[in-house]
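Asker: Structure file upload_22.tsv (TSV, C-alpha atoms) is given on the next line.
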chain	number	residue	atom	x	y	z
M	26	MET	CA	86.14	87.10	70.01
M	27	GLY	CA	84.62	83.97	68.56
M	28	HIS	CA	85.22	81.82	71.65
M	29	HIS	CA	82.28	80.68	73.72
M	30	PHE	CA	81.78	78.88	76.99
M	31	LYS	CA	78.71	78.26	79.08
M	32	TYR	CA	78.41	77.81	82.82
M	33	VAL	CA	76.63	74.56	83.69
M	34	SER	CA	76.74	73.92	87.44
M	35	SER	CA	78.62	74.25	90.72
M	36	GLU	CA	78.97	72.12	93.82
M	37	THR	CA	80.92	72.33	97.06
M	38	VAL	CA	81.87	68.94	98.44
M	39	ASP	CA	83.98	67.40	101.18
M	40	LEU	CA	87.53	66.79	100.05
M	41	THR	CA	88.10	63.04	100.02
M	42	LYS	CA	90.63	60.80	98.37
M	43	ALA	CA	88.00	59.66	95.87
M	44	VAL	CA	87.17	63.25	94.91
M	45	VAL	CA	90.86	64.07	94.46
M	46	ASP	CA	91.64	60.93	92.48
M	47	GLY	CA	88.65	61.51	90.19
M	48	PHE	CA	89.68	65.05	89.39
M	49	VAL	CA	93.36	64.19	88.87
M	50	ALA	CA	92.30	61.42	86.47
M	51	LEU	CA	90.67	63.95	84.13
M	52	PRO	CA	92.77	64.80	81.09
M	53	GLY	CA	94.35	68.18	81.53
M	54	SER	CA	93.55	70.90	79.08
M	55	ALA	CA	96.34	71.41	76.57
M	56	THR	CA	96.54	74.90	78.02
M	57	GLU	CA	97.64	73.67	81.46
M	58	ARG	CA	100.97	74.91	82.75
M	59	SER	CA	103.80	72.55	83.57
M	60	LEU	CA	103.76	71.46	87.19
M	61	LYS	CA	105.98	73.69	89.31
M	62	PRO	CA	107.58	71.89	92.28
M	63	ALA	CA	107.86	75.13	94.27
M	64	ARG	CA	104.14	75.81	93.90
M	65	ILE	CA	103.28	72.23	94.90
M	66	GLU	CA	105.51	72.51	97.98
M	67	TYR	CA	103.91	75.83	98.91
M	68	LEU	CA	100.38	74.40	98.63
M	69	GLN	CA	101.36	71.35	100.67
M	70	ASP	CA	102.73	73.58	103.44
M	71	VAL	CA	99.47	75.54	103.43
M	72	VAL	CA	97.37	72.38	103.76
M	73	LEU	CA	99.49	70.67	106.39
M	74	GLY	CA	99.87	73.95	108.25
M	75	GLY	CA	96.10	74.26	108.64
M	76	SER	CA	95.77	77.42	106.52
M	77	ALA	CA	93.98	76.04	103.46
M	78	VAL	CA	90.80	77.73	102.23
M	79	VAL	CA	88.20	76.11	99.96
M	80	PHE	CA	89.88	74.91	96.78
M	81	GLN	CA	88.50	76.22	93.48
M	82	TRP	CA	88.46	73.63	90.72
M	83	ALA	CA	86.88	73.71	87.29
M	84	GLN	CA	86.21	71.29	84.48
M	85	ALA	CA	84.78	71.74	81.01
M	86	LYS	CA	83.03	69.51	78.49
M	87	VAL	CA	84.00	70.09	74.86
M	88	THR	CA	80.83	69.84	72.77
M	89	GLU	CA	82.68	68.74	69.63
M	90	THR	CA	84.13	65.62	71.25
M	91	GLY	CA	82.17	65.08	74.47
M	92	GLU	CA	85.49	64.94	76.37
M	93	ILE	CA	85.71	66.49	79.85
M	94	TYR	CA	88.90	68.38	80.68
M	95	ARG	CA	90.39	69.82	83.85
M	96	VAL	CA	90.81	73.59	83.39
M	97	ASN	CA	91.63	74.83	86.91
M	98	GLY	CA	93.05	73.11	89.99
M	99	GLN	CA	95.94	71.16	88.49
M	100	HIS	CA	98.56	71.98	91.14
M	101	SER	CA	96.31	71.66	94.19
M	102	SER	CA	94.71	68.41	93.04
M	103	TYR	CA	98.08	66.87	92.17
M	104	MET	CA	99.52	67.94	95.52
M	105	LEU	CA	96.58	66.42	97.39
M	106	SER	CA	96.86	63.19	95.41
M	107	GLN	CA	100.44	62.82	96.65
M	108	LEU	CA	99.17	62.90	100.25
M	109	ASN	CA	97.22	59.69	99.55
M	110	GLY	CA	94.22	60.84	101.58
M	111	GLN	CA	96.31	61.84	104.60
M	112	PHE	CA	95.15	65.46	104.67
M	113	PRO	CA	93.36	67.37	107.45
M	114	ASN	CA	89.68	66.80	108.05
M	115	GLY	CA	87.18	69.47	107.10
M	116	LEU	CA	88.71	70.52	103.78
M	117	LYS	CA	86.29	71.44	101.02
M	118	VAL	CA	86.49	71.91	97.28
M	119	HIS	CA	84.24	74.01	95.07
M	120	LYS	CA	83.88	72.54	91.58
M	121	ASP	CA	82.49	74.44	88.60
M	122	THR	CA	81.46	72.78	85.36
M	123	TYR	CA	81.38	74.52	81.98
M	124	GLU	CA	80.67	73.64	78.37
M	125	VAL	CA	82.78	74.91	75.51
M	126	ASP	CA	82.26	74.65	71.77
M	127	ASN	CA	85.76	73.53	70.84
M	128	LEU	CA	89.37	73.37	71.97
M	129	ALA	CA	90.00	76.99	71.03
M	130	SER	CA	87.23	78.01	73.40
M	131	LEU	CA	88.78	75.76	76.03
M	132	ALA	CA	91.97	77.83	75.86
M	133	TYR	CA	89.97	81.03	76.24
M	134	LEU	CA	88.16	79.61	79.29
M	135	PHE	CA	91.49	78.69	80.88
M	136	ARG	CA	92.55	82.34	80.68
M	137	MET	CA	89.60	83.37	82.83
M	138	PHE	CA	91.06	81.64	85.89
M	139	ASP	CA	93.69	83.56	87.89
M	140	PRO	CA	94.39	86.09	85.11
M	141	ARG	CA	97.66	87.92	85.60
M	142	THR	CA	95.99	91.33	85.66
M	143	SER	CA	93.83	90.41	88.67
M	144	ALA	CA	96.23	88.22	90.64
M	145	ARG	CA	97.26	89.49	94.08
M	146	SER	CA	100.72	90.98	93.89
M	147	VAL	CA	103.33	91.21	96.62
M	148	HIS	CA	102.32	94.88	96.95
M	149	ASP	CA	98.72	93.80	97.64
M	150	VAL	CA	99.90	91.42	100.36
M	151	ALA	CA	102.06	94.07	102.01
M	152	GLY	CA	99.20	96.56	101.83
M	153	ALA	CA	96.83	94.09	103.48
M	154	TYR	CA	99.11	93.70	106.52
M	155	GLN	CA	99.74	97.44	106.71
M	156	GLY	CA	96.01	98.14	106.54
M	157	LEU	CA	95.44	96.30	109.80
M	158	HIS	CA	97.13	99.10	111.74
M	159	LEU	CA	95.61	102.57	112.03
M	160	SER	CA	98.94	104.02	113.14
M	161	LEU	CA	100.31	103.28	109.68
M	162	LYS	CA	97.40	104.54	107.58
M	163	ASP	CA	99.19	107.74	106.54
M	164	VAL	CA	102.35	105.98	105.37
M	165	PRO	CA	102.37	105.52	101.57
M	166	LYS	CA	101.97	101.82	100.83
M	167	MET	CA	104.94	101.67	98.50
M	168	THR	CA	107.34	103.15	101.04
M	169	ALA	CA	105.90	101.04	103.86
M	170	LYS	CA	106.60	97.93	101.79
M	171	MET	CA	110.13	99.16	101.04
M	172	THR	CA	110.68	99.69	104.76
M	173	ILE	CA	109.68	96.13	105.62
M	174	ASP	CA	111.78	94.70	102.78
M	175	GLY	CA	114.88	96.54	103.98
M	176	THR	CA	114.26	95.80	107.65
M	177	SER	CA	113.79	92.10	106.99
M	178	TRP	CA	117.05	92.13	105.01
M	179	PHE	CA	118.85	93.63	108.02
M	180	LEU	CA	117.30	91.25	110.52
M	181	LYS	CA	118.10	88.19	108.44
M	182	ILE	CA	121.42	89.04	106.76
M	183	VAL	CA	123.10	91.29	109.31
M	184	ARG	CA	121.64	90.17	112.60
M	185	GLY	CA	120.99	86.55	111.66
M	186	ASP	CA	117.47	86.47	113.07
M	187	ASN	CA	115.12	83.70	112.04
M	188	ILE	CA	112.37	85.71	110.39
M	189	PRO	CA	109.64	84.72	107.92
M	190	SER	CA	110.53	84.74	104.22
M	191	GLY	CA	108.51	85.48	101.12
M	192	ASP	CA	105.18	87.21	101.63
M	193	ASP	CA	105.24	86.10	105.28
M	194	ARG	CA	107.85	88.78	105.99
M	195	TYR	CA	105.06	91.34	105.94
M	196	GLU	CA	103.92	89.96	109.27
M	197	LEU	CA	106.56	92.38	110.57
M	198	PHE	CA	103.85	95.01	110.18
M	199	ASN	CA	102.25	93.37	113.23
M	200	ASN	CA	105.22	94.34	115.41
M	201	ALA	CA	104.02	97.56	117.02
M	202	LYS	CA	107.55	98.44	118.15
M	203	MET	CA	108.48	98.94	114.51
M	204	HIS	CA	105.66	101.36	113.72
M	205	PRO	CA	107.58	104.52	114.70
M	206	PHE	CA	110.39	103.48	112.35
M	207	ILE	CA	107.96	102.75	109.52
M	208	ARG	CA	106.41	106.19	109.98
M	209	MET	CA	109.84	107.83	110.09
M	210	ALA	CA	111.00	106.01	106.97
M	211	GLY	CA	107.73	106.86	105.27
M	212	GLY	CA	108.65	110.51	105.53
M	213	ILE	CA	112.09	109.94	103.97
M	214	LEU	CA	111.68	107.25	101.33
M	215	ASN	CA	110.22	107.87	97.92
M	216	LYS	CA	110.54	105.29	95.16
M	217	ILE	CA	110.88	108.02	92.52
M	218	LYS	CA	113.09	110.48	94.39
M	219	THR	CA	115.22	108.03	96.39
M	220	PRO	CA	115.56	104.84	94.30
M	221	GLU	CA	119.13	104.53	95.59
M	222	PHE	CA	117.67	103.52	98.97
M	223	THR	CA	117.78	99.79	98.35
M	224	ASN	CA	117.32	97.03	100.93
M	225	PRO	CA	120.81	97.29	102.51
M	226	VAL	CA	120.43	101.07	102.82
M	227	ILE	CA	117.04	100.75	104.48
M	228	GLY	CA	118.45	97.96	106.60
M	229	ALA	CA	121.17	100.33	107.78
M	230	MET	CA	118.49	102.91	108.47
M	231	TYR	CA	116.72	100.46	110.75
M	232	GLY	CA	119.89	99.45	112.57
M	233	THR	CA	120.86	103.07	113.23
M	234	TRP	CA	117.30	103.96	114.24
M	235	GLU	CA	117.42	101.23	116.88
M	236	ARG	CA	120.66	102.76	118.14
M	237	GLU	CA	119.59	106.41	118.16
M	238	PRO	CA	116.22	107.25	116.57
M	239	VAL	CA	116.44	111.05	116.66
M	240	GLU	CA	119.90	111.23	115.10
M	241	ALA	CA	118.98	108.51	112.61
M	242	GLU	CA	116.08	110.56	111.29
M	243	ALA	CA	118.32	113.63	110.90
M	244	PHE	CA	121.13	111.70	109.21
M	245	TRP	CA	119.02	109.76	106.73
M	246	SER	CA	116.97	112.82	105.88
M	247	ASP	CA	120.25	114.51	104.96
M	248	VAL	CA	121.30	111.54	102.84
M	249	ALA	CA	117.95	111.52	101.02
M	250	LYS	CA	118.05	115.27	100.38
M	251	GLN	CA	121.74	115.52	99.48
M	252	GLY	CA	122.22	117.27	102.80
M	253	GLY	CA	125.25	118.14	104.86
M	254	GLY	CA	125.15	121.85	104.13
M	255	ASN	CA	127.99	123.17	101.99
M	256	ASP	CA	130.45	120.65	103.38
M	257	SER	CA	131.28	118.12	100.66
M	258	ASN	CA	133.04	116.03	103.32
M	259	HIS	CA	129.95	115.72	105.48
M	260	PRO	CA	129.29	111.96	105.91
M	261	ALA	CA	125.71	112.30	104.62
M	262	ALA	CA	126.89	114.12	101.50
M	263	VAL	CA	129.67	111.59	100.83
M	264	LEU	CA	127.32	108.65	101.25
M	265	ASP	CA	124.65	110.26	99.08
M	266	THR	CA	127.14	110.88	96.27
M	267	TRP	CA	128.31	107.26	96.45
M	268	LEU	CA	124.76	105.83	96.45
M	269	VAL	CA	123.71	108.04	93.54
M	270	ALA	CA	126.76	106.86	91.57
M	271	ILE	CA	125.58	103.28	92.10
M	272	ARG	CA	122.08	104.25	91.00
M	273	ASP	CA	123.36	106.02	87.88
M	274	LYS	CA	125.85	103.23	87.13
M	275	THR	CA	128.77	105.64	87.07
M	276	ILE	CA	130.72	103.63	89.62
M	277	GLU	CA	133.49	101.34	88.36
M	278	LYS	CA	132.08	98.15	89.85
M	279	LYS	CA	128.64	97.61	91.30
M	280	PRO	CA	129.06	96.87	95.02
M	281	SER	CA	127.39	93.98	96.78
M	282	ASP	CA	124.57	94.46	99.26
M	283	ARG	CA	126.95	93.85	102.15
M	284	GLU	CA	129.35	96.46	100.76
M	285	ILE	CA	126.51	98.98	100.49
M	286	TYR	CA	125.47	98.25	104.06
M	287	ARG	CA	129.06	98.64	105.27
M	288	ALA	CA	129.35	102.02	103.50
M	289	CYS	CA	126.19	103.23	105.22
M	290	ILE	CA	127.51	102.29	108.66
M	291	VAL	CA	130.93	103.87	107.95
M	292	ALA	CA	129.19	107.14	107.10
M	293	TRP	CA	126.84	106.87	110.09
M	294	ASN	CA	129.66	106.25	112.54
M	295	ALA	CA	131.57	109.26	111.18
M	296	TYR	CA	128.42	111.35	111.57
M	297	ARG	CA	127.91	110.17	115.14
M	298	HIS	CA	131.48	111.16	116.07
M	299	HIS	CA	131.30	114.51	114.24
M	300	ARG	CA	134.02	113.49	111.81
M	301	THR	CA	134.33	114.46	108.17
M	302	LEU	CA	134.66	111.78	105.51
M	303	ASP	CA	136.85	111.97	102.41
M	304	LYS	CA	135.47	108.86	100.74
M	305	ILE	CA	133.69	105.60	101.48
M	306	GLY	CA	136.83	103.50	101.10
M	307	LYS	CA	137.29	99.94	99.94
M	308	TYR	CA	135.37	97.00	101.32
M	309	ASP	CA	137.29	94.22	103.03
M	310	PRO	CA	135.13	91.06	103.16
M	311	LYS	CA	137.27	89.70	105.98
M	312	LYS	CA	136.49	92.70	108.18
M	313	GLY	CA	132.92	93.19	107.03
M	314	ALA	CA	130.89	96.11	108.37
M	315	PRO	CA	131.79	97.90	111.61
M	316	ASP	CA	129.45	97.85	114.58
M	317	ILE	CA	126.83	100.58	114.71
M	318	ASP	CA	128.01	103.40	117.02
Give the structure from the file, written as structure tokens.
Answerer:
Amino acid sequence: MGHHFKYVSSETVDLTKAVVDGFVALPGSATERSLKPARIEYLQDVVLGGSAVVFQWAQAKVTETGEIYRVNGQHSSYMLSQLNGQFPNGLKVHKDTYEVDNLASLAYLFRMFDPRTSARSVHDVAGAYQGLHLSLKDVPKMTAKMTIDGTSWFLKIVRGDNIPSGDDRYELFNNAKMHPFIRMAGGILNKIKTPEFTNPVIGAMYGTWEREPVEAEAFWSDVAKQGGGNDSNHPAAVLDTWLVAIRDKTIEKKPSDREIYRACIVAWNAYRHHRTLDKIGKYDPKKGAPDID
């Protein structure tokens, strides 16, 4: 490709204020991203929370000019510099040094760090937590992730529980009491066949499963398979038709997540009481969703 860089050396050293200040003082490569406050805050929480691993920094000397540039470690070094040396003992940093022919090669070298195609995705994180539990090994990773996403939505939005956010929500995989639900949902959900099962739908699944697991499996299987027999007024059939209309964008106005959740519980309650259902009905924000029967 015409761009060349050469590895020179590596060292792993104790993280001190002097080490941080020296690295921050290096001119940043013109390829460096703008500092992102959210990323800095995240890294600070990791450090102060005692979860930091060895930092990976890199610098490169441009042969044409003799200038040394920082090419990896901008956010972490800046964050640490703001702590003014008040960071936990025992932290380490691994520093690599390279040589590049020119600035164009410097840009190419920058691309080698944390490339988008090899970065850990949210799916990788969810899969890592799931993989810790043998009881979940047969659940497709995609549907297991969908199950946790929907359950966390229910616990936070509907129930008001204080649960982890972001990637930390996948710690819910560690709750063994949820494993039967994850396995049940794994047999119903399919990202291709049931894309209408969004977070509020899966959240409703979880809430009804807590209430009555056997009936919940039967009901949601019917919804996923357009069930209900030949009865177009069967609650599962009515709900399925409504959810598919949302998916296909044939509904007049896209409902909110809370409205979708409410519709699911309306259909479930009708099913539980062996009632037919003509339609989902309008959502009244003041009334919200009914309790789960």
Asker: Considering only C-alpha atoms, can you say which of M:Ala85, M:Ala132, M:Val147, M:Ala314 comes closest to Leu51 in chain M?
Answerer: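 Of the candidates, the smallest distance to Leu51 in chain M is held by M:Ala85.
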Asker: Rounded to one decimal in Å, what is the spacing between CA of Lys117 in chain M and CA of Val38 in chain M?
Answerer: 5.7 Å
Asker: For Glu66 in chain M, find every residue with an atom within 12 Å (counting all atoms listed in the file), except residues of its own chain fewer than 6 positions away, and show them as a PyMOL selection string.
Answerer: chain M and resi 60+72-74+100-101+103-105+107-108
Asker: Quick one, how far is CA of His148 in chain M from CA of Gln99 in chain M?
Answerer: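 Those two atoms sit 26.0 Å apart.
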Asker: Which one of M:His259, M:Lys162, M:Lys250, M:Arg194 sits closest to Gly211 in chain M if you count all atoms listed in the file?
Answerer: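 Selected residue with least distance to Gly211 in chain M: M:Lys162.
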Asker: Which residue gives the smallest distance to Ala55 in chain M among M:Val183, M:Ala43, M:Ala229, M:Val96, with only C-alpha atoms counted?
Answerer: M:Val96
Asker: CA of Phe179 in chain M to CA of Ile227 in chain M: how many Å, to one decimal?
Answerer: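 Distance between the two atoms: 8.2 Å.
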Asker: To box range 41-45 of chain M, take all atoms listed in the file, fit an axis-aligned box, add 3 Å on each side, and give centre and edge lengths in Å to one decimal, as lines of an AutoDock Vina configuration file.
Answerer:
center_x = 89.0
center_y = 61.9
center_z = 97.2
size_x = 9.7
size_y = 10.4
size_z = 11.6
Asker: Kindly indicate which residue among M:Met209, M:Lys304, M:Met167, M:Gly98 lies nearest to Val49 in chain M, using all atoms listed in the file for the distances.
Answerer: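 The shortest atom-to-atom distance to Val49 in chain M comes from M:Gly98.
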Asker: Between M:Tyr308, M:Phe206, M:Phe138, M:Phe30, which has the minimum distance to Val239 in chain M (counting all atoms listed in the file)?
Answerer: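 Nearest candidate to Val239 in chain M out of M:Tyr308, M:Phe206, M:Phe138, M:Phe30: M:Phe206.
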Asker: Given the choices M:Ile217, M:Leu131, M:Ala249, M:Val44, which gets closest to His29 in chain M if the distance is worked out from only C-alpha atoms?
Answerer: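 Comparing M:Ile217, M:Leu131, M:Ala249, M:Val44 against His29 in chain M, the winner is M:Leu131.
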Asker: List the spatial neighbours of Val263 in chain M as a ChimeraX atom specification - criterion: any atom at most 10 Å away, all atoms listed in the file, same-chain residues fewer than 5 positions off excluded.
Answerer: /M:248,251-253,256-258,268,288,292,301-305
Asker: Using all atoms listed in the file, which protein or nucleic acid residues come within 12 Å of Lys307 in chain M? Drop anything in the same chain fewer than 4 positions from it, and give the result as a ChimeraX atom specification.
Answerer: /M:278,280-281,284-285,287-288,291,311-314
